[in-house]
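These notes concern the structure reproduced below.
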Amino acid sequence: MTVKALIASFTQQEDLNFLLTNRIPRAALTRFMGWFSKIENPIVRDFSIALWKLFSDLDLSEARKTQFKSLHDCFTRELKPGLRPFDADPAVVASPSDGIVGAHGRIADTELFQVKGAPYSLLDLLGDSALVDQHRNGSFVTLRLTSSMYHRFHAPYDAHIERVTLIHGDVWNVNPIALKRVERLFCKNERAVIRTHLSTGEAVTLVPVAAILVASIRLHFLDIVLNAQTTGPVNFPCDVNVAKGEELGWFEHGSTIIILAPGDFTFCNGIAEGTRIRAGQALLRRKEPSIRRPCCLYRPRGTTISDV
């Protein structure tokens, strides 16, 4: 057994994993990691990335750069051009990021779930009853980013961004073990609510949820990093049009993004729990409107349409 396999088998024990990733001073460790990851020292950088590779399936072959200034620079890496083409179908909402499909399905009035048997409410997640009404009986999907994945996320459709709301909270790990043990976890963690409308008018909301270690969310159109140290206003009015595939920002560690869509969207083929998906792949599709066939007119024999 390799060292990596041995570490994986050790950390996949549920009790131990939960203890190591949650029963620790989460906020303090997250602040420390935020500082440590930005150290621009070759020895610190190389040791950190080597250790990261040992504990994960980190693959840097797609990275645009081959050298990084720091661990943070590696976390937030860009990819080589053309590696994440976005589905061009205007009826498709594409995946905004790389990720693993977690819970997904229909929203039962205003209730959705983080894992089977673990419900939470839209109001607890979003904190806005008017926005809740827009997603009542709609669809949702949760995408989990692991620490080794590409951390940037993009516009999944042509849309207008109208507001971002930062909701301060905790930094629980968001891995499947924690999701089974911590009720309403997404409603407890630091998160941003990005309100958008498609060019066709439907409301689609993105909720990036931060997690332990480097719990920050960078949004280009606000030119700001949102995290526990953000002070002042938590509501940011926007008037921004974005094109499908346009980069919106990045997570500064593995985390989760929840996509909320109206009820007239269905899931595309291949979307199932545990499936790995890449930014740009088809995620949701607008239902085709039902076409009413014209009723047949009675036409006496020997007459033409113009005679009827």
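Ordered as shown in the structure tokens, chains take letters A, B, and onward, while each chain numbers its residues from 1 and ligands are numbered from 1 in the order shown.
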
- Query: Leaving out region 65-69 of chain A and any residue of its chain fewer than 4 positions from it, which residues lie within 10 Å of it when counting only C-alpha atoms, given as a VMD selection string?
  - Reply: chain A and resid 38 to 42 45 to 46 49 60 to 61 73 to 75 77 to 80

Members of region 30-207 of chain A assigned strand (DSSP E or B) by DSSP, as a PDB file with C-alpha atoms, in the first residue's frame:
ATOM      1  CA  ALA A  63      -2.763  24.819 -14.912  1.00  0.00           C
ATOM      2  CA  LEU A  79      -6.388  26.818 -16.445  1.00  0.00           C
ATOM      3  CA  VAL A  92     -29.060  25.087 -20.829  1.00  0.00           C
ATOM      4  CA  VAL A  93     -27.801  26.272 -17.447  1.00  0.00           C
ATOM      5  CA  ALA A  94     -24.216  25.014 -17.382  1.00  0.00           C
ATOM      6  CA  GLY A  99     -17.394  19.754  -8.664  1.00  0.00           C
ATOM      7  CA  ILE A 100     -19.022  16.594  -7.423  1.00  0.00           C
ATOM      8  CA  VAL A 101     -22.812  16.511  -7.681  1.00  0.00           C
ATOM      9  CA  GLY A 102     -24.268  16.214  -4.200  1.00  0.00           C
ATOM     10  CA  ALA A 103     -27.922  16.480  -3.262  1.00  0.00           C
ATOM     11  CA  HIS A 104     -30.173  17.611  -6.097  1.00  0.00           C
ATOM     12  CA  GLY A 105     -33.831  17.491  -7.027  1.00  0.00           C
ATOM     13  CA  ARG A 106     -37.078  19.352  -6.612  1.00  0.00           C
ATOM     14  CA  ALA A 108     -40.670  20.695  -1.845  1.00  0.00           C
ATOM     15  CA  GLU A 111     -37.642  22.641   1.671  1.00  0.00           C
ATOM     16  CA  LEU A 112     -34.515  21.055   0.184  1.00  0.00           C
ATOM     17  CA  PHE A 113     -31.891  18.738   1.642  1.00  0.00           C
ATOM     18  CA  GLN A 114     -28.115  18.543   2.103  1.00  0.00           C
ATOM     19  CA  VAL A 115     -28.167  14.711   2.180  1.00  0.00           C
ATOM     20  CA  ALA A 118     -31.310  16.056   6.356  1.00  0.00           C
ATOM     21  CA  PRO A 119     -33.657  18.867   5.228  1.00  0.00           C
ATOM     22  CA  TYR A 120     -33.206  22.596   5.511  1.00  0.00           C
ATOM     23  CA  SER A 121     -35.290  25.547   4.380  1.00  0.00           C
ATOM     24  CA  SER A 139     -35.031  22.836  -8.568  1.00  0.00           C
ATOM     25  CA  PHE A 140     -31.720  22.766  -6.738  1.00  0.00           C
ATOM     26  CA  VAL A 141     -28.320  21.151  -7.098  1.00  0.00           C
ATOM     27  CA  THR A 142     -25.305  21.196  -4.807  1.00  0.00           C
ATOM     28  CA  LEU A 143     -21.793  21.042  -6.272  1.00  0.00           C
ATOM     29  CA  ARG A 144     -18.973  20.195  -3.869  1.00  0.00           C
ATOM     30  CA  ARG A 152     -12.714  29.359 -10.105  1.00  0.00           C
ATOM     31  CA  PHE A 153     -16.385  29.620 -10.962  1.00  0.00           C
ATOM     32  CA  HIS A 154     -18.122  31.117 -13.977  1.00  0.00           C
ATOM     33  CA  ALA A 159     -27.581  36.772 -16.981  1.00  0.00           C
ATOM     34  CA  HIS A 160     -28.003  40.019 -15.100  1.00  0.00           C
ATOM     35  CA  ILE A 161     -26.567  40.126 -11.569  1.00  0.00           C
ATOM     36  CA  GLU A 162     -28.655  42.396  -9.381  1.00  0.00           C
ATOM     37  CA  ARG A 163     -27.462  41.859  -5.812  1.00  0.00           C
ATOM     38  CA  VAL A 164     -24.962  39.987  -3.644  1.00  0.00           C
ATOM     39  CA  THR A 165     -25.648  39.403   0.041  1.00  0.00           C
ATOM     40  CA  LEU A 166     -22.934  38.186   2.404  1.00  0.00           C
ATOM     41  CA  ILE A 167     -24.213  36.081   5.302  1.00  0.00           C
ATOM     42  CA  ASP A 170     -19.159  29.347  10.707  1.00  0.00           C
ATOM     43  CA  ASN A 189     -21.559  28.522   7.196  1.00  0.00           C
ATOM     44  CA  ARG A 191     -21.906  32.235   2.308  1.00  0.00           C
ATOM     45  CA  ALA A 192     -22.784  34.686  -0.427  1.00  0.00           C
ATOM     46  CA  VAL A 193     -26.189  34.864  -2.106  1.00  0.00           C
ATOM     47  CA  ILE A 194     -25.795  35.971  -5.734  1.00  0.00           C
ATOM     48  CA  ARG A 195     -29.163  36.971  -7.205  1.00  0.00           C
ATOM     49  CA  THR A 196     -29.440  36.850 -10.970  1.00  0.00           C
ATOM     50  CA  HIS A 197     -31.993  36.740 -13.742  1.00  0.00           C
ATOM     51  CA  LEU A 198     -31.536  34.960 -17.034  1.00  0.00           C
ATOM     52  CA  ALA A 203     -34.590  33.936 -11.462  1.00  0.00           C
ATOM     53  CA  VAL A 204     -31.551  31.730 -10.857  1.00  0.00           C
ATOM     54  CA  THR A 205     -29.581  32.119  -7.628  1.00  0.00           C
ATOM     55  CA  LEU A 206     -26.030  30.986  -6.881  1.00  0.00           C
ATOM     56  CA  VAL A 207     -24.968  30.423  -3.274  1.00  0.00           C
TER      57      VAL A 207
END

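Considering the residues A:Gly245, A:Gly169, A:Gly232, A:Gly138 and counting only C-alpha atoms, Phe267 (chain A) has its shortest atom-to-atom contact with A:Gly138.
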
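Among A:Ile107, A:Thr231, A:Ser97, A:Asp264, the residue with the shortest atom-to-atom distance to Pro208 (chain A), counting only C-alpha atoms, is A:Ser97.
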
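When only C-alpha atoms are used to measure the gap to Phe86 (chain A), the shortest distance among A:Cys187, A:Leu123, A:Val132, A:Leu283 belongs to A:Leu283.
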
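CA of Pro156 (chain A) is found 18.5 Å from CA of Ala272 (chain A).
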
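Straight-line separation from CA of Leu222 (chain A) to CA of Ile277 (chain A): 27.0 Å.
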
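With only C-alpha atoms as the atoms that count, the residue of A:Asp124, A:Asp89, A:Glu190, A:Asp98 with the shortest distance to Ile212 (chain A) is A:Glu190.
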
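Closest approach to Trp172 (chain A) from the set A:Phe221, A:Phe32, A:Phe186, A:Phe236 is made by A:Phe186, with distances taken over only C-alpha atoms.
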
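When only C-alpha atoms are used to compute distances to Thr30 (chain A), the closest of the residues A:Val234, A:Leu260, A:Asn227, A:Ala91 turns out to be A:Asn227.
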